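Shown next, in structure tokens, is the structure this report addresses.
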Amino acid sequence: GKDLTGWDTYLGPDLDDNGKPINNKPLGLNNDPRKVFTVVKENNENIIRISGENWGAIITKAEYHDYHLQLQFKWGKQLWGQKKKGNRKDSGLLYNSVGAFGADSMAWMRAQAFQVEEGNCGDYWGCAGGMATIPVIKKDKDSYVYSPQGTMTAFSSESADGRHVIKQAGAEKPSGEWNTLDLYCHGDTSIHVLNGKLAMVLYKNSQTDKGKVSPMTGGKIQLQSEGAEVFYRNIKIQPISKLPGGYLK
């Protein structure tokens, strides 16, 4: 709670006002000259501030398997790059993170994304080869919504159905208020919960690397910087021997 001990930082290249890299030179590992990641005080409490100025993340040094992670986040006011043009504020909880730093957009490791974005919190994205099978209902040509009664469908960057699934229902609080995320991971299944409401369940968490598919059932945890100021606090993790009842299809 006093500093970022236990975390690494990784930052991608500098970006222009459209969110495009100015060059292909990431700032890299534990090189944060602009203090994108800091610990600040609010109401006499230490919280993590992520400015959003560069794309990147703080990343746990440790890897985790079979756990319940809980944290709280709220949006700040500062915006960078294309976020100044009215795009939704953006961050994310990336879990089961493995492989090389900067594999996705020169900023993030391969991972499963519990989306933290205004209006879209709880969505799924597969990052740099992350894959999952999720029950969904097709919303339109290119979008799918989680539904326990839906059709089990595989999602990845190499899938014809894409790598994005929309959460079941909105539960995010107004900007500036604290939200609580609960992430349950056990075996190859994970559960996204926002403010006590189920967002989705992912099955067969896995990864593809140069055409080879393998399980992705654990790894590091990343908290994203992606163009918008965001605050995190009360990050807690504990081992679990099974998933909580009532969520699974």
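Scheme for the structure tokens: letters A, B, ... for chains in order shown; per-chain residue numbers from 1; ligand numbers from 1 in order shown.
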
Exercise for the section: From a DSSP calculation on the backbone, collect every residue of region 53-176 of chain A in strand (DSSP E or B) and output the set as a PyMOL selection string. Expected result: chain A and resi 56-60+64-65+67-79+90-98+104+108+110-117+124-127+130-140+143-146+151-155+164-166

Problem - Polymer residues at most 8 Å from region 188-195 of chain A, only C-alpha atoms, same-chain spacing of 2 or more positions, as a list in words - result: Phe114, Cys121, Gly122, Ala171, Glu172, Asn179, Thr180, Leu181, Asp182, Leu183, Tyr184, Cys185, His186, Lys197, Leu198, Ala199, Met200, Val201, Leu202, Tyr203, Lys204, Asn205, Ser206, Pro215, Met216, Thr217 and Tyr247 of chain A

Selected residues written out, N, CA and C atoms, as a PDB file, in the first residue's frame:
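Done, and the output landed in selection_30.pdb:
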```pdb
ATOM      1  N   PHE A 114     -10.285  -8.812 -18.622  1.00  0.00           N
ATOM      2  CA  PHE A 114     -11.508  -8.381 -17.939  1.00  0.00           C
ATOM      3  C   PHE A 114     -11.561  -6.885 -18.225  1.00  0.00           C
ATOM      4  N   CYS A 121     -17.452  -2.347 -18.979  1.00  0.00           N
ATOM      5  CA  CYS A 121     -16.737  -3.099 -17.945  1.00  0.00           C
ATOM      6  C   CYS A 121     -17.305  -4.511 -17.827  1.00  0.00           C
ATOM      7  N   GLY A 122     -16.408  -5.481 -17.827  1.00  0.00           N
ATOM      8  CA  GLY A 122     -16.813  -6.879 -17.750  1.00  0.00           C
ATOM      9  C   GLY A 122     -16.697  -7.615 -19.060  1.00  0.00           C
ATOM     10  N   ALA A 171     -23.296  -2.887 -15.062  1.00  0.00           N
ATOM     11  CA  ALA A 171     -23.379  -2.716 -13.606  1.00  0.00           C
ATOM     12  C   ALA A 171     -22.417  -1.642 -13.117  1.00  0.00           C
ATOM     13  N   GLU A 172     -21.816  -0.888 -14.050  1.00  0.00           N
ATOM     14  CA  GLU A 172     -20.815   0.106 -13.665  1.00  0.00           C
ATOM     15  C   GLU A 172     -21.461   1.316 -13.006  1.00  0.00           C
ATOM     16  N   ASN A 179     -15.823   1.208  -8.149  1.00  0.00           N
ATOM     17  CA  ASN A 179     -16.443  -0.036  -8.593  1.00  0.00           C
ATOM     18  C   ASN A 179     -15.635  -1.213  -8.038  1.00  0.00           C
ATOM     19  N   THR A 180     -16.297  -2.320  -7.772  1.00  0.00           N
ATOM     20  CA  THR A 180     -15.623  -3.515  -7.276  1.00  0.00           C
ATOM     21  C   THR A 180     -15.639  -4.603  -8.342  1.00  0.00           C
ATOM     22  N   LEU A 181     -14.452  -5.113  -8.673  1.00  0.00           N
ATOM     23  CA  LEU A 181     -14.300  -6.227  -9.601  1.00  0.00           C
ATOM     24  C   LEU A 181     -13.939  -7.472  -8.812  1.00  0.00           C
ATOM     25  N   ASP A 182     -14.607  -8.574  -9.131  1.00  0.00           N
ATOM     26  CA  ASP A 182     -14.231  -9.879  -8.610  1.00  0.00           C
ATOM     27  C   ASP A 182     -13.919 -10.785  -9.790  1.00  0.00           C
ATOM     28  N   LEU A 183     -12.748 -11.383  -9.769  1.00  0.00           N
ATOM     29  CA  LEU A 183     -12.329 -12.327 -10.795  1.00  0.00           C
ATOM     30  C   LEU A 183     -12.049 -13.666 -10.126  1.00  0.00           C
ATOM     31  N   TYR A 184     -12.734 -14.712 -10.589  1.00  0.00           N
ATOM     32  CA  TYR A 184     -12.507 -16.059 -10.076  1.00  0.00           C
ATOM     33  C   TYR A 184     -11.864 -16.880 -11.186  1.00  0.00           C
ATOM     34  N   CYS A 185     -10.736 -17.503 -10.890  1.00  0.00           N
ATOM     35  CA  CYS A 185     -10.056 -18.382 -11.839  1.00  0.00           C
ATOM     36  C   CYS A 185      -9.783 -19.720 -11.169  1.00  0.00           C
ATOM     37  N   HIS A 186     -10.229 -20.802 -11.818  1.00  0.00           N
ATOM     38  CA  HIS A 186      -9.934 -22.137 -11.313  1.00  0.00           C
ATOM     39  C   HIS A 186      -9.859 -23.085 -12.499  1.00  0.00           C
ATOM     40  N   LYS A 197     -22.541  -8.291  -9.710  1.00  0.00           N
ATOM     41  CA  LYS A 197     -23.374  -8.850 -10.777  1.00  0.00           C
ATOM     42  C   LYS A 197     -22.509  -9.614 -11.776  1.00  0.00           C
ATOM     43  N   LEU A 198     -22.957 -10.809 -12.151  1.00  0.00           N
ATOM     44  CA  LEU A 198     -22.219 -11.624 -13.096  1.00  0.00           C
ATOM     45  C   LEU A 198     -22.140 -10.934 -14.455  1.00  0.00           C
ATOM     46  N   ALA A 199     -20.915 -10.796 -14.976  1.00  0.00           N
ATOM     47  CA  ALA A 199     -20.724 -10.247 -16.320  1.00  0.00           C
ATOM     48  C   ALA A 199     -20.592 -11.369 -17.345  1.00  0.00           C
ATOM     49  N   MET A 200     -19.794 -12.406 -17.037  1.00  0.00           N
ATOM     50  CA  MET A 200     -19.680 -13.557 -17.932  1.00  0.00           C
ATOM     51  C   MET A 200     -18.827 -14.651 -17.300  1.00  0.00           C
ATOM     52  N   VAL A 201     -18.920 -15.841 -17.908  1.00  0.00           N
ATOM     53  CA  VAL A 201     -18.088 -16.985 -17.548  1.00  0.00           C
ATOM     54  C   VAL A 201     -17.337 -17.436 -18.792  1.00  0.00           C
ATOM     55  N   LEU A 202     -16.042 -17.664 -18.646  1.00  0.00           N
ATOM     56  CA  LEU A 202     -15.191 -18.129 -19.729  1.00  0.00           C
ATOM     57  C   LEU A 202     -14.762 -19.562 -19.452  1.00  0.00           C
ATOM     58  N   TYR A 203     -14.835 -20.399 -20.480  1.00  0.00           N
ATOM     59  CA  TYR A 203     -14.419 -21.789 -20.365  1.00  0.00           C
ATOM     60  C   TYR A 203     -13.235 -22.044 -21.299  1.00  0.00           C
ATOM     61  N   LYS A 204     -12.490 -23.095 -21.005  1.00  0.00           N
ATOM     62  CA  LYS A 204     -11.362 -23.524 -21.851  1.00  0.00           C
ATOM     63  C   LYS A 204     -10.399 -22.371 -22.131  1.00  0.00           C
ATOM     64  N   ASN A 205     -10.002 -21.645 -21.080  1.00  0.00           N
ATOM     65  CA  ASN A 205      -8.995 -20.609 -21.252  1.00  0.00           C
ATOM     66  C   ASN A 205      -7.718 -21.237 -21.810  1.00  0.00           C
ATOM     67  N   SER A 206      -7.233 -20.692 -22.916  1.00  0.00           N
ATOM     68  CA  SER A 206      -6.082 -21.267 -23.589  1.00  0.00           C
ATOM     69  C   SER A 206      -5.369 -20.180 -24.381  1.00  0.00           C
ATOM     70  N   PRO A 215      -2.977 -24.868 -22.925  1.00  0.00           N
ATOM     71  CA  PRO A 215      -3.757 -24.257 -21.836  1.00  0.00           C
ATOM     72  C   PRO A 215      -3.131 -22.940 -21.369  1.00  0.00           C
ATOM     73  N   MET A 216      -3.974 -22.055 -20.880  1.00  0.00           N
ATOM     74  CA  MET A 216      -3.508 -20.813 -20.244  1.00  0.00           C
ATOM     75  C   MET A 216      -4.333 -20.643 -18.966  1.00  0.00           C
ATOM     76  N   THR A 217      -3.923 -21.353 -17.929  1.00  0.00           N
ATOM     77  CA  THR A 217      -4.728 -21.453 -16.712  1.00  0.00           C
ATOM     78  C   THR A 217      -4.145 -20.676 -15.542  1.00  0.00           C
ATOM     79  N   TYR A 247     -22.874 -19.755 -10.861  1.00  0.00           N
ATOM     80  CA  TYR A 247     -22.437 -19.015 -12.039  1.00  0.00           C
ATOM     81  C   TYR A 247     -22.287 -19.881 -13.282  1.00  0.00           C
TER      82      TYR A 247
END
```

Practice task
Please identify all polymer residues within 10 Å of Met106 (chain A), counting only C-alpha atoms, omitting same-chain residues fewer than 4 positions from it, and present them as a ChimeraX atom specification.
Solution key: /A:10-13,21,24-28,55-56,100-102

Serialized selection, all heavy atoms, as an mmCIF file, in the first residue's frame:
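Writing the result to out.cif gives the following:
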```cif
data_model
loop_
_atom_site.group_PDB
_atom_site.id
_atom_site.type_symbol
_atom_site.label_atom_id
_atom_site.label_comp_id
_atom_site.auth_asym_id
_atom_site.auth_seq_id
_atom_site.Cartn_x
_atom_site.Cartn_y
_atom_site.Cartn_z
ATOM 1 N N TYR A 10 5.665 -1.758 -17.434
ATOM 2 C CA TYR A 10 6.078 -1.864 -18.833
ATOM 3 C C TYR A 10 5.291 -0.841 -19.631
ATOM 4 O O TYR A 10 4.067 -0.738 -19.484
ATOM 5 C CB TYR A 10 5.818 -3.261 -19.410
ATOM 6 C CG TYR A 10 6.470 -3.447 -20.764
ATOM 7 C CD1 TYR A 10 7.768 -3.946 -20.860
ATOM 8 C CD2 TYR A 10 5.809 -3.103 -21.942
ATOM 9 C CE1 TYR A 10 8.394 -4.095 -22.094
ATOM 10 C CE2 TYR A 10 6.430 -3.239 -23.178
ATOM 11 C CZ TYR A 10 7.712 -3.734 -23.246
ATOM 12 O OH TYR A 10 8.335 -3.867 -24.464
ATOM 13 N N LEU A 11 5.999 -0.079 -20.482
ATOM 14 C CA LEU A 11 5.364 0.961 -21.283
ATOM 15 C C LEU A 11 5.741 0.809 -22.748
ATOM 16 O O LEU A 11 6.896 0.541 -23.091
ATOM 17 C CB LEU A 11 5.775 2.354 -20.795
ATOM 18 C CG LEU A 11 5.196 2.777 -19.439
ATOM 19 C CD1 LEU A 11 5.885 4.041 -18.947
ATOM 20 C CD2 LEU A 11 3.691 2.978 -19.528
ATOM 21 N N GLY A 12 4.747 0.977 -23.612
ATOM 22 C CA GLY A 12 4.964 0.929 -25.043
ATOM 23 C C GLY A 12 5.534 2.226 -25.575
ATOM 24 O O GLY A 12 5.936 3.110 -24.823
ATOM 25 N N PRO A 13 5.566 2.391 -26.897
ATOM 26 C CA PRO A 13 6.111 3.609 -27.511
ATOM 27 C C PRO A 13 5.254 4.833 -27.204
ATOM 28 O O PRO A 13 4.078 4.724 -26.831
ATOM 29 C CB PRO A 13 6.056 3.298 -29.018
ATOM 30 C CG PRO A 13 5.873 1.821 -29.122
ATOM 31 C CD PRO A 13 5.124 1.401 -27.898
ATOM 32 N N PRO A 21 1.514 4.747 -32.599
ATOM 33 C CA PRO A 21 2.909 4.862 -32.149
ATOM 34 C C PRO A 21 3.705 5.849 -32.993
ATOM 35 O O PRO A 21 3.622 5.838 -34.228
ATOM 36 C CB PRO A 21 3.448 3.436 -32.310
ATOM 37 C CG PRO A 21 2.244 2.560 -32.314
ATOM 38 C CD PRO A 21 1.154 3.365 -32.960
ATOM 39 N N ASN A 24 8.650 2.669 -33.158
ATOM 40 C CA ASN A 24 8.487 1.303 -32.682
ATOM 41 C C ASN A 24 9.444 0.986 -31.542
ATOM 42 O O ASN A 24 9.945 -0.136 -31.426
ATOM 43 C CB ASN A 24 8.693 0.311 -33.843
ATOM 44 C CG ASN A 24 7.567 0.383 -34.853
ATOM 45 O OD1 ASN A 24 6.403 0.566 -34.489
ATOM 46 N ND2 ASN A 24 7.904 0.255 -36.125
ATOM 47 N N LYS A 25 9.663 1.977 -30.693
ATOM 48 C CA LYS A 25 10.604 1.822 -29.587
ATOM 49 C C LYS A 25 9.855 1.926 -28.253
ATOM 50 O O LYS A 25 9.631 3.036 -27.749
ATOM 51 C CB LYS A 25 11.694 2.882 -29.664
ATOM 52 C CG LYS A 25 12.558 2.789 -30.913
ATOM 53 C CD LYS A 25 13.603 3.893 -30.939
ATOM 54 C CE LYS A 25 14.469 3.803 -32.197
ATOM 55 N NZ LYS A 25 15.477 4.896 -32.247
ATOM 56 N N PRO A 26 9.438 0.793 -27.678
ATOM 57 C CA PRO A 26 8.791 0.845 -26.364
ATOM 58 C C PRO A 26 9.722 1.449 -25.316
ATOM 59 O O PRO A 26 10.955 1.280 -25.390
ATOM 60 C CB PRO A 26 8.506 -0.631 -26.063
ATOM 61 C CG PRO A 26 8.518 -1.312 -27.385
ATOM 62 C CD PRO A 26 9.521 -0.569 -28.214
ATOM 63 N N LEU A 27 9.140 2.136 -24.358
ATOM 64 C CA LEU A 27 9.940 2.601 -23.222
ATOM 65 C C LEU A 27 10.437 1.415 -22.410
ATOM 66 O O LEU A 27 11.489 1.474 -21.783
ATOM 67 C CB LEU A 27 9.117 3.548 -22.348
ATOM 68 C CG LEU A 27 8.723 4.881 -23.004
ATOM 69 C CD1 LEU A 27 7.838 5.690 -22.074
ATOM 70 C CD2 LEU A 27 9.957 5.670 -23.395
ATOM 71 N N GLY A 28 9.638 0.330 -22.413
ATOM 72 C CA GLY A 28 10.129 -0.940 -21.899
ATOM 73 C C GLY A 28 9.882 -1.184 -20.426
ATOM 74 O O GLY A 28 9.022 -0.581 -19.780
ATOM 75 N N TRP A 55 0.498 3.772 -23.305
ATOM 76 C CA TRP A 55 -0.062 2.434 -23.177
ATOM 77 C C TRP A 55 0.954 1.549 -22.465
ATOM 78 O O TRP A 55 2.157 1.623 -22.718
ATOM 79 C CB TRP A 55 -0.366 1.852 -24.549
ATOM 80 C CG TRP A 55 -1.576 2.452 -25.192
ATOM 81 C CD1 TRP A 55 -2.278 3.561 -24.784
ATOM 82 C CD2 TRP A 55 -2.235 1.980 -26.375
ATOM 83 N NE1 TRP A 55 -3.318 3.812 -25.640
ATOM 84 C CE2 TRP A 55 -3.322 2.853 -26.627
ATOM 85 C CE3 TRP A 55 -2.009 0.919 -27.246
ATOM 86 C CZ2 TRP A 55 -4.176 2.688 -27.706
ATOM 87 C CZ3 TRP A 55 -2.857 0.738 -28.325
ATOM 88 C CH2 TRP A 55 -3.929 1.613 -28.551
ATOM 89 N N GLY A 56 0.461 0.716 -21.568
ATOM 90 C CA GLY A 56 1.334 -0.174 -20.822
ATOM 91 C C GLY A 56 0.597 -0.752 -19.637
ATOM 92 O O GLY A 56 -0.637 -0.799 -19.614
ATOM 93 N N ALA A 100 5.981 -12.878 -23.592
ATOM 94 C CA ALA A 100 6.833 -11.697 -23.677
ATOM 95 C C ALA A 100 6.087 -10.423 -23.271
ATOM 96 O O ALA A 100 4.894 -10.280 -23.533
ATOM 97 C CB ALA A 100 7.361 -11.542 -25.100
ATOM 98 N N PHE A 101 6.816 -9.494 -22.657
ATOM 99 C CA PHE A 101 6.285 -8.157 -22.424
ATOM 100 C C PHE A 101 6.045 -7.492 -23.781
ATOM 101 O O PHE A 101 6.813 -7.658 -24.720
ATOM 102 C CB PHE A 101 7.264 -7.311 -21.613
ATOM 103 C CG PHE A 101 7.488 -7.788 -20.212
ATOM 104 C CD1 PHE A 101 8.675 -8.417 -19.855
ATOM 105 C CD2 PHE A 101 6.519 -7.620 -19.241
ATOM 106 C CE1 PHE A 101 8.887 -8.853 -18.563
ATOM 107 C CE2 PHE A 101 6.722 -8.054 -17.945
ATOM 108 C CZ PHE A 101 7.915 -8.675 -17.598
ATOM 109 N N GLY A 102 4.948 -6.721 -23.867
ATOM 110 C CA GLY A 102 4.696 -5.943 -25.074
ATOM 111 C C GLY A 102 4.227 -6.735 -26.273
ATOM 112 O O GLY A 102 4.260 -6.230 -27.400
#
```

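The list of residues with at least one atom within 12 Å of Arg49 (chain A), based on only C-alpha atoms and without residues fewer than 5 positions apart in the same chain, reads Gly1, Asp3, Leu4, Lys35, Val36, Phe37, Thr38, Val39, Val40, Lys41, Glu42, Ala57, Ile58, Phe73, Lys74, Trp75, Gly76, Lys77, Gln78, Ser91, Leu223, Gln224, Ser225, Ala228, Glu229, Val230, Phe231, Tyr232 and Arg233 of chain A.
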
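For the set A:Gln207, A:Gln72, A:Asn54, A:Gln168, the residue with the smallest atom-to-atom gap to Ala107 (chain A) is A:Asn54, counting only C-alpha atoms.
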
Practice task
Identify which of the residues A:Ser147, A:Asn30, A:Gln112, A:Ser241 lies closest to Arg163 (chain A), counting only C-alpha atoms when measuring atom-to-atom distances.
Solution key: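 Nearest to Arg163 (chain A): A:Gln112.
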
Problem - Best match for closeness to Gln149 (chain A) among A:Gly19, A:Gly162, A:Pro135, A:Gly92, counting only C-alpha atoms - result: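 Nearest candidate to Gln149 (chain A) out of A:Gly19, A:Gly162, A:Pro135, A:Gly92: A:Pro135.
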
Practice task
Excluding Cys127 (chain A) and any residue of its chain fewer than 2 positions from it, enumerate the residues within 9 Å of it, using only C-alpha atoms, and give them as a list in words.
Solution key: Leu94, Ala103, Asp104, Trp108, Met109, Arg110, Ala111, Gln112, Ala113, Trp125, Gly129, Gly130, Met131, Ser156, Ser157 and Arg163 of chain A

Give me a file of those residues, with all heavy atoms, as a short mmCIF file (atom, residue, chain, number, x, y, z; two decimals), in the first residue's frame.
```cif
data_model
loop_
_atom_site.label_atom_id
_atom_site.label_comp_id
_atom_site.auth_asym_id
_atom_site.auth_seq_id
_atom_site.Cartn_x
_atom_site.Cartn_y
_atom_site.Cartn_z
N LEU A 94 -5.86 -7.54 -16.88
CA LEU A 94 -5.40 -8.61 -17.75
C LEU A 94 -4.85 -9.73 -16.88
O LEU A 94 -3.93 -9.53 -16.09
CB LEU A 94 -4.31 -8.11 -18.70
CG LEU A 94 -4.64 -6.87 -19.54
CD1 LEU A 94 -3.51 -6.59 -20.53
CD2 LEU A 94 -5.96 -7.03 -20.27
N ALA A 103 3.75 -7.96 -26.06
CA ALA A 103 3.32 -8.79 -27.20
C ALA A 103 2.07 -8.24 -27.89
O ALA A 103 1.89 -8.44 -29.08
CB ALA A 103 3.06 -10.22 -26.72
N ASP A 104 1.21 -7.55 -27.15
CA ASP A 104 -0.01 -6.96 -27.70
C ASP A 104 0.18 -5.45 -27.80
O ASP A 104 0.38 -4.77 -26.79
CB ASP A 104 -1.21 -7.29 -26.81
CG ASP A 104 -2.54 -6.91 -27.45
OD1 ASP A 104 -2.68 -5.77 -27.91
OD2 ASP A 104 -3.44 -7.76 -27.51
N TRP A 108 1.37 -4.84 -23.91
CA TRP A 108 0.84 -5.79 -22.93
C TRP A 108 1.25 -7.21 -23.25
O TRP A 108 1.46 -7.58 -24.41
CB TRP A 108 -0.69 -5.69 -22.89
CG TRP A 108 -1.14 -4.29 -22.65
CD1 TRP A 108 -0.93 -3.55 -21.52
CD2 TRP A 108 -1.85 -3.44 -23.56
NE1 TRP A 108 -1.46 -2.28 -21.67
CE2 TRP A 108 -2.02 -2.19 -22.92
CE3 TRP A 108 -2.34 -3.62 -24.85
CZ2 TRP A 108 -2.67 -1.12 -23.51
CZ3 TRP A 108 -2.98 -2.55 -25.46
CH2 TRP A 108 -3.15 -1.32 -24.79
N MET A 109 1.33 -8.04 -22.22
CA MET A 109 1.61 -9.46 -22.39
C MET A 109 0.38 -10.18 -22.94
O MET A 109 -0.74 -9.67 -22.87
CB MET A 109 1.97 -10.09 -21.04
CG MET A 109 3.20 -9.50 -20.37
SD MET A 109 3.43 -10.13 -18.68
CE MET A 109 3.85 -11.84 -19.01
N ARG A 110 0.58 -11.38 -23.47
CA ARG A 110 -0.54 -12.25 -23.82
C ARG A 110 -1.37 -12.48 -22.55
O ARG A 110 -0.84 -12.75 -21.48
CB ARG A 110 -0.05 -13.58 -24.37
CG ARG A 110 -1.17 -14.56 -24.71
CD ARG A 110 -0.61 -15.87 -25.23
NE ARG A 110 0.22 -15.63 -26.40
CZ ARG A 110 1.34 -16.29 -26.67
NH1 ARG A 110 1.77 -17.23 -25.86
NH2 ARG A 110 2.02 -16.01 -27.76
N ALA A 111 -2.70 -12.39 -22.70
CA ALA A 111 -3.54 -12.47 -21.51
C ALA A 111 -5.01 -12.60 -21.89
O ALA A 111 -5.38 -12.46 -23.06
CB ALA A 111 -3.35 -11.21 -20.65
N GLN A 112 -5.83 -12.82 -20.88
CA GLN A 112 -7.27 -12.68 -20.97
C GLN A 112 -7.64 -11.35 -20.33
O GLN A 112 -7.14 -11.02 -19.25
CB GLN A 112 -7.98 -13.82 -20.24
CG GLN A 112 -7.54 -15.22 -20.65
CD GLN A 112 -7.98 -15.60 -22.05
OE1 GLN A 112 -7.78 -14.86 -23.00
NE2 GLN A 112 -8.56 -16.78 -22.17
N ALA A 113 -8.51 -10.60 -20.98
CA ALA A 113 -8.85 -9.26 -20.49
C ALA A 113 -10.23 -9.23 -19.87
O ALA A 113 -11.22 -9.57 -20.52
CB ALA A 113 -8.78 -8.25 -21.63
N TRP A 125 -11.76 -9.64 -23.88
CA TRP A 125 -10.89 -9.54 -25.05
C TRP A 125 -9.77 -10.56 -24.88
O TRP A 125 -9.23 -10.72 -23.77
CB TRP A 125 -10.25 -8.15 -25.17
CG TRP A 125 -11.19 -7.08 -25.62
CD1 TRP A 125 -12.01 -6.31 -24.84
CD2 TRP A 125 -11.41 -6.65 -26.97
NE1 TRP A 125 -12.72 -5.42 -25.61
CE2 TRP A 125 -12.37 -5.61 -26.93
CE3 TRP A 125 -10.89 -7.03 -28.20
CZ2 TRP A 125 -12.82 -4.96 -28.07
CZ3 TRP A 125 -11.33 -6.38 -29.35
CH2 TRP A 125 -12.29 -5.36 -29.27
N GLY A 129 -3.11 -13.64 -28.51
CA GLY A 129 -3.18 -15.10 -28.55
C GLY A 129 -4.01 -15.72 -27.45
O GLY A 129 -4.14 -16.95 -27.40
N GLY A 130 -4.59 -14.90 -26.56
CA GLY A 130 -5.50 -15.43 -25.56
C GLY A 130 -6.77 -15.98 -26.21
O GLY A 130 -7.30 -15.36 -27.15
N MET A 131 -7.25 -17.13 -25.74
CA MET A 131 -8.42 -17.79 -26.33
C MET A 131 -9.36 -18.25 -25.21
O MET A 131 -8.92 -18.56 -24.11
CB MET A 131 -7.99 -19.02 -27.14
CG MET A 131 -6.95 -18.76 -28.19
SD MET A 131 -6.31 -20.29 -28.94
CE MET A 131 -7.80 -20.91 -29.75
N SER A 156 -10.91 -15.95 -30.38
CA SER A 156 -9.48 -15.63 -30.38
C SER A 156 -9.22 -14.69 -31.54
O SER A 156 -10.09 -14.47 -32.40
CB SER A 156 -8.64 -16.89 -30.52
OG SER A 156 -8.66 -17.36 -31.86
N SER A 157 -8.01 -14.16 -31.59
CA SER A 157 -7.65 -13.27 -32.70
C SER A 157 -7.64 -14.00 -34.03
O SER A 157 -7.74 -13.38 -35.09
CB SER A 157 -6.27 -12.65 -32.44
OG SER A 157 -5.29 -13.66 -32.31
N ARG A 163 -12.28 -11.87 -31.18
CA ARG A 163 -11.71 -12.09 -29.84
C ARG A 163 -12.40 -11.27 -28.76
O ARG A 163 -11.87 -11.06 -27.70
CB ARG A 163 -10.22 -11.75 -29.86
CG ARG A 163 -9.89 -10.30 -30.24
CD ARG A 163 -8.39 -10.09 -30.32
NE ARG A 163 -8.04 -8.70 -30.62
CZ ARG A 163 -7.15 -7.98 -29.94
NH1 ARG A 163 -6.54 -8.52 -28.90
NH2 ARG A 163 -6.87 -6.75 -30.29
#
```

Exercise for the section: Record the distance separating CA of Tyr67 (chain A) and CA of Ile237 (chain A), expressed in Å with one decimal. Expected result: 6.7 Å
